[in-house]
Amino acid sequence: MNNCYPFFNTSLPYSFSALEPYLDEKTMFLHHERHLQAYIDALNTLMKENPWTQSWSLEKILYQWCTLPPHLQIPFRNNGGGIYNHRFFFEGMTPFFDTPPTSYLSSVLSNAFGSFENFKICFKDAAMKVFGSGYVWLVMDRGKLHITQTANQDTPLFRGQSPLLTLDVWEHAYYLKHYNVRGDYIDDWFHTVCWHTVEQRLQNSF
Ligand code: MN3
């Protein structure tokens with residue numbers, strides 16, 4: 001993974017059309033090639049203009065942006081978060097639709113949320129309630145699973161949480177296909193979730 005300056009746009013682990021019919025090819029193309037690319041370009045420009053920051057990894061930016069000079073804090077936080085969040089979102093999907101979680105992951109989710117189905121209901125509810133642009137996340141926080149939200153391009157890392165799954169609910173993520181019907185987008189997205197990746201992230205969070 002490209003984690004240091006200069007940042008470049010790594011390929012998706014599937015084609016732009018691979019998530020059809022749930023997420024359409026044009027949305028996936030624009031989301032990766034235009035939206036994510038814009039954050040990459042902006043962060044590279046910032047680091048080019050401030051060469052002393054070029055040794056900072058993406059993680060360091062996301063954990064320590066608040067130690068930067070005040071005029072750099074928001075641009076580094078937004079553009080670094082835009083890269084991290086999009087990569088995390090894209091890597092959490094797979095064209096092998098509806099592959100269920102393993103019994104282990106399913107039991108972990110059931111212990112935290114009552115049942116796997118209830119986890120999905122809670123996650124959808126939180127995603128519906130993101131006001132404006134942002135993300136909903138499943139995170140590990142001090143040994144417990146939580147569903148949480150972030151605004152704009154903020155990440156849960158800064159709160160000390162380990163992210164396991166995220167859904168981008170910015171309108172650019174779904175407007176071409178689902179128009180303003182965020183609930184349909186969430187339902188379609190659930191077919192694409194890579195539970196194997198979620199389980200790997202869970203193992204790494206311990
Ligand atoms: Mn997005």
# chains A, B, ... in the order shown; residues from 1 in each chain; ligands from 1
call {"tool": "residues_near_ligand", "arguments": {"ligand": "ligand 1", "cutoff": "9 Å", "atoms": "only C-alpha atoms and all ligand atoms", "output": "VMD selection string"}}
result
chain A and resid 31 to 32 35 to 36 82 85 to 86 89 133 to 135 153 168 to 173
call {"tool": "write_last_selection", "arguments": {"atoms": "N, CA and C atoms", "output": "compact mmCIF listing (two decimals), in the first residue's frame"}}
result
# COMPACT_ATOMS: atom_id res chain seq x y z
N HIS A 31 -15.94 7.91 -8.45
CA HIS A 31 -15.58 7.94 -7.03
C HIS A 31 -14.08 7.70 -6.86
N HIS A 32 -13.55 6.74 -7.58
CA HIS A 32 -12.12 6.39 -7.45
C HIS A 32 -11.23 7.34 -8.23
N HIS A 35 -12.94 11.63 -7.30
CA HIS A 35 -13.05 12.07 -5.90
C HIS A 35 -11.81 11.68 -5.10
N LEU A 36 -11.46 10.40 -5.08
CA LEU A 36 -10.26 9.99 -4.34
C LEU A 36 -9.02 10.66 -4.93
N GLY A 82 -9.54 11.93 3.49
CA GLY A 82 -10.19 11.58 2.22
C GLY A 82 -9.52 10.39 1.54
N ASN A 85 -10.09 7.16 4.17
CA ASN A 85 -11.49 6.69 4.23
C ASN A 85 -11.91 6.02 2.93
N HIS A 86 -11.52 6.61 1.80
CA HIS A 86 -11.93 6.01 0.52
C HIS A 86 -11.25 4.66 0.30
N PHE A 89 -12.96 2.17 2.54
CA PHE A 89 -14.31 1.86 2.01
C PHE A 89 -14.21 0.91 0.81
N SER A 133 -22.59 15.24 4.87
CA SER A 133 -21.62 14.30 4.30
C SER A 133 -20.82 13.63 5.40
N GLY A 134 -20.60 12.32 5.25
CA GLY A 134 -19.81 11.63 6.25
C GLY A 134 -19.82 10.13 6.03
N TYR A 135 -19.47 9.43 7.08
CA TYR A 135 -19.31 7.97 7.03
C TYR A 135 -19.95 7.35 8.28
N GLN A 153 -14.49 14.23 6.17
CA GLN A 153 -13.49 13.17 5.96
C GLN A 153 -12.74 12.86 7.26
N ASP A 168 -19.40 4.94 2.98
CA ASP A 168 -19.37 6.34 2.55
C ASP A 168 -20.81 6.76 2.24
N VAL A 169 -21.33 7.73 2.97
CA VAL A 169 -22.69 8.19 2.67
C VAL A 169 -22.72 9.62 2.13
N TRP A 170 -21.55 10.08 1.61
CA TRP A 170 -21.59 11.31 0.81
C TRP A 170 -22.49 11.04 -0.39
N GLU A 171 -23.20 12.05 -0.85
CA GLU A 171 -24.12 11.82 -1.98
C GLU A 171 -23.39 11.35 -3.24
N HIS A 172 -22.13 11.74 -3.41
CA HIS A 172 -21.42 11.30 -4.63
C HIS A 172 -21.26 9.78 -4.67
N ALA A 173 -21.42 9.13 -3.52
CA ALA A 173 -21.26 7.67 -3.47
C ALA A 173 -22.46 6.94 -4.05
call {"tool": "closest_atom_pairs", "arguments": {"of": "range 85-160 of chain A", "to": "range 61-77 of chain A", "cutoff": "10 Å", "atoms": "only C-alpha atoms", "output": "JSON lines"}}
result
{"residue": "A:Gln153", "atom": "CA", "partner": "A:Arg77", "partner_atom": "CA", "distance": 7.6}
{"residue": "A:Asp154", "atom": "CA", "partner": "A:Arg77", "partner_atom": "CA", "distance": 7.1}
{"residue": "A:Thr155", "atom": "CA", "partner": "A:Leu62", "partner_atom": "CA", "distance": 7.5}
{"residue": "A:Pro156", "atom": "CA", "partner": "A:Leu62", "partner_atom": "CA", "distance": 9.3}
{"residue": "A:Leu157", "atom": "CA", "partner": "A:Tyr63", "partner_atom": "CA", "distance": 6.5}
{"residue": "A:Phe158", "atom": "CA", "partner": "A:Tyr63", "partner_atom": "CA", "distance": 5.3}
{"residue": "A:Arg159", "atom": "CA", "partner": "A:Tyr63", "partner_atom": "CA", "distance": 8.8}
{"residue": "A:Gly160", "atom": "CA", "partner": "A:Tyr63", "partner_atom": "CA", "distance": 8.7}
call {"tool": "write_last_selection", "arguments": {"atoms": "N, CA, C and O atoms", "output": "short mmCIF file (atom, residue, chain, number, x, y, z; two decimals), in the first residue's frame"}}
result
data_model
loop_
_atom_site.label_atom_id
_atom_site.label_comp_id
_atom_site.auth_asym_id
_atom_site.auth_seq_id
_atom_site.Cartn_x
_atom_site.Cartn_y
_atom_site.Cartn_z
N GLN A 153 -14.49 14.23 6.17
CA GLN A 153 -13.49 13.17 5.96
C GLN A 153 -12.74 12.86 7.26
O GLN A 153 -11.58 12.41 7.24
N ASP A 154 -13.39 13.07 8.38
CA ASP A 154 -12.76 12.67 9.65
C ASP A 154 -12.69 11.15 9.73
O ASP A 154 -13.52 10.45 9.15
N THR A 155 -11.72 10.66 10.47
CA THR A 155 -11.56 9.22 10.67
C THR A 155 -11.73 8.89 12.15
O THR A 155 -11.54 9.76 13.01
N PRO A 156 -12.04 7.63 12.46
CA PRO A 156 -12.14 7.23 13.88
C PRO A 156 -10.77 7.06 14.52
O PRO A 156 -10.69 6.89 15.74
N LEU A 157 -9.70 7.09 13.74
CA LEU A 157 -8.35 6.84 14.28
C LEU A 157 -8.01 7.85 15.36
O LEU A 157 -7.41 7.51 16.38
N PHE A 158 -8.39 9.09 15.11
CA PHE A 158 -8.04 10.17 16.02
C PHE A 158 -8.68 9.98 17.40
O PHE A 158 -8.20 10.49 18.40
N ARG A 159 -9.78 9.20 17.44
CA ARG A 159 -10.45 8.92 18.72
C ARG A 159 -9.87 7.68 19.40
O ARG A 159 -10.41 7.22 20.41
N GLY A 160 -8.88 7.07 18.76
CA GLY A 160 -8.30 5.87 19.33
C GLY A 160 -9.09 4.62 18.99
O GLY A 160 -8.92 3.57 19.63
#
call {"tool": "residues_around", "arguments": {"residues": "range 100-108 of chain A", "least_positions_apart": "6", "cutoff": "7 Å", "atoms": "only C-alpha atoms", "output": "PyMOL selection string"}}
result
chain A and resi 116+195-196+199
call {"tool": "residues_around", "arguments": {"residues": "Lys48 in chain A", "least_positions_apart": "6", "cutoff": "12 Å", "atoms": "only C-alpha atoms", "output": "ChimeraX atom specification"}}
result
/A:5-7,41-42,54-55
call {"tool": "write_last_selection", "arguments": {"atoms": "N, CA and C atoms", "output": "CSV table (one decimal), in the first residue's frame"}}
result
chain,number,residue,atom,x,y,z
A,5,TYR,N,4.4,10.0,1.0
A,5,TYR,CA,4.6,11.0,-0.1
A,5,TYR,C,5.6,10.5,-1.1
A,6,PRO,N,5.4,10.6,-2.4
A,6,PRO,CA,4.2,11.1,-3.1
A,6,PRO,C,3.1,10.0,-3.1
A,7,PHE,N,1.9,10.4,-2.8
A,7,PHE,CA,0.8,9.5,-2.8
A,7,PHE,C,0.3,9.3,-4.2
A,41,ASP,N,-4.2,14.4,-5.0
A,41,ASP,CA,-3.5,15.5,-5.6
A,41,ASP,C,-3.4,16.7,-4.6
A,42,ALA,N,-4.4,16.9,-3.8
A,42,ALA,CA,-4.4,18.0,-2.9
A,42,ALA,C,-3.3,17.8,-1.8
A,54,GLN,N,7.1,15.8,4.3
A,54,GLN,CA,7.1,14.7,3.4
A,54,GLN,C,7.5,13.4,4.0
A,55,SER,N,8.0,13.4,5.2
A,55,SER,CA,8.4,12.2,5.9
A,55,SER,C,7.2,11.6,6.6
call {"tool": "select_by_dssp", "arguments": {"residues": "chain A", "states": "alpha helix (DSSP H)", "output": "count of residues only"}}
result
96
call {"tool": "closest_residue", "arguments": {"among": "A:Gln200, A:Tyr179, A:Val193, A:Arg142", "to": "Thr27 in chain A", "atoms": "only C-alpha atoms"}}
result
A:Tyr179
call {"tool": "decode", "arguments": {"residues": "range 34-90 of chain A", "atoms": "C-alpha atoms", "output": "CSV table (one decimal), in the first residue's frame"}}
result
chain,number,residue,atom,x,y,z
A,34,ARG,CA,-12.1,11.8,-9.6
A,35,HIS,CA,-13.0,12.1,-5.9
A,36,LEU,CA,-10.3,10.0,-4.3
A,37,GLN,CA,-7.8,11.3,-6.9
A,38,ALA,CA,-8.6,14.9,-5.9
A,39,TYR,CA,-7.7,14.2,-2.3
A,40,ILE,CA,-4.4,12.6,-3.4
A,41,ASP,CA,-3.5,15.5,-5.6
A,42,ALA,CA,-4.4,18.0,-2.9
A,43,LEU,CA,-2.3,16.3,-0.2
A,44,ASN,CA,0.7,15.9,-2.6
A,45,THR,CA,0.5,19.6,-3.4
A,46,LEU,CA,0.4,20.5,0.4
A,47,MET,CA,3.4,18.3,1.1
A,48,LYS,CA,5.3,19.7,-1.9
A,49,GLU,CA,4.7,23.2,-0.6
A,50,ASN,CA,5.8,22.1,2.9
A,51,PRO,CA,8.7,19.7,2.3
A,52,TRP,CA,9.3,19.0,6.0
A,53,THR,CA,6.0,17.1,6.1
A,54,GLN,CA,7.1,14.7,3.4
A,55,SER,CA,8.4,12.2,5.9
A,56,TRP,CA,5.0,11.9,7.4
A,57,SER,CA,3.1,8.7,6.7
A,58,LEU,CA,-0.7,8.7,6.1
A,59,GLU,CA,-1.2,7.3,9.6
A,60,LYS,CA,1.0,9.9,11.2
A,61,ILE,CA,-1.0,12.6,9.4
A,62,LEU,CA,-4.3,11.2,10.7
A,63,TYR,CA,-3.1,10.7,14.3
A,64,GLN,CA,-1.0,13.9,14.6
A,65,TRP,CA,-2.5,16.6,12.3
A,66,CYS,CA,-3.3,18.6,15.4
A,67,THR,CA,0.4,19.1,16.0
A,68,LEU,CA,0.8,20.8,12.6
A,69,PRO,CA,0.9,24.6,12.3
A,70,PRO,CA,-2.7,25.9,12.6
A,71,HIS,CA,-3.1,26.8,8.9
A,72,LEU,CA,-2.1,23.3,7.8
A,73,GLN,CA,-4.3,21.3,10.3
A,74,ILE,CA,-7.6,21.3,8.5
A,75,PRO,CA,-6.2,20.7,5.0
A,76,PHE,CA,-4.1,17.8,6.2
A,77,ARG,CA,-6.9,16.4,8.2
A,78,ASN,CA,-9.4,16.6,5.3
A,79,ASN,CA,-7.2,15.4,2.5
A,80,GLY,CA,-5.4,12.7,4.5
A,81,GLY,CA,-8.8,11.5,5.8
A,82,GLY,CA,-10.2,11.6,2.2
A,83,ILE,CA,-7.5,9.2,1.1
A,84,TYR,CA,-7.7,6.9,4.1
A,85,ASN,CA,-11.5,6.7,4.2
A,86,HIS,CA,-11.9,6.0,0.5
A,87,ARG,CA,-9.3,3.3,0.4
A,88,PHE,CA,-10.8,1.7,3.5
A,89,PHE,CA,-14.3,1.9,2.0
A,90,PHE,CA,-13.3,0.4,-1.4
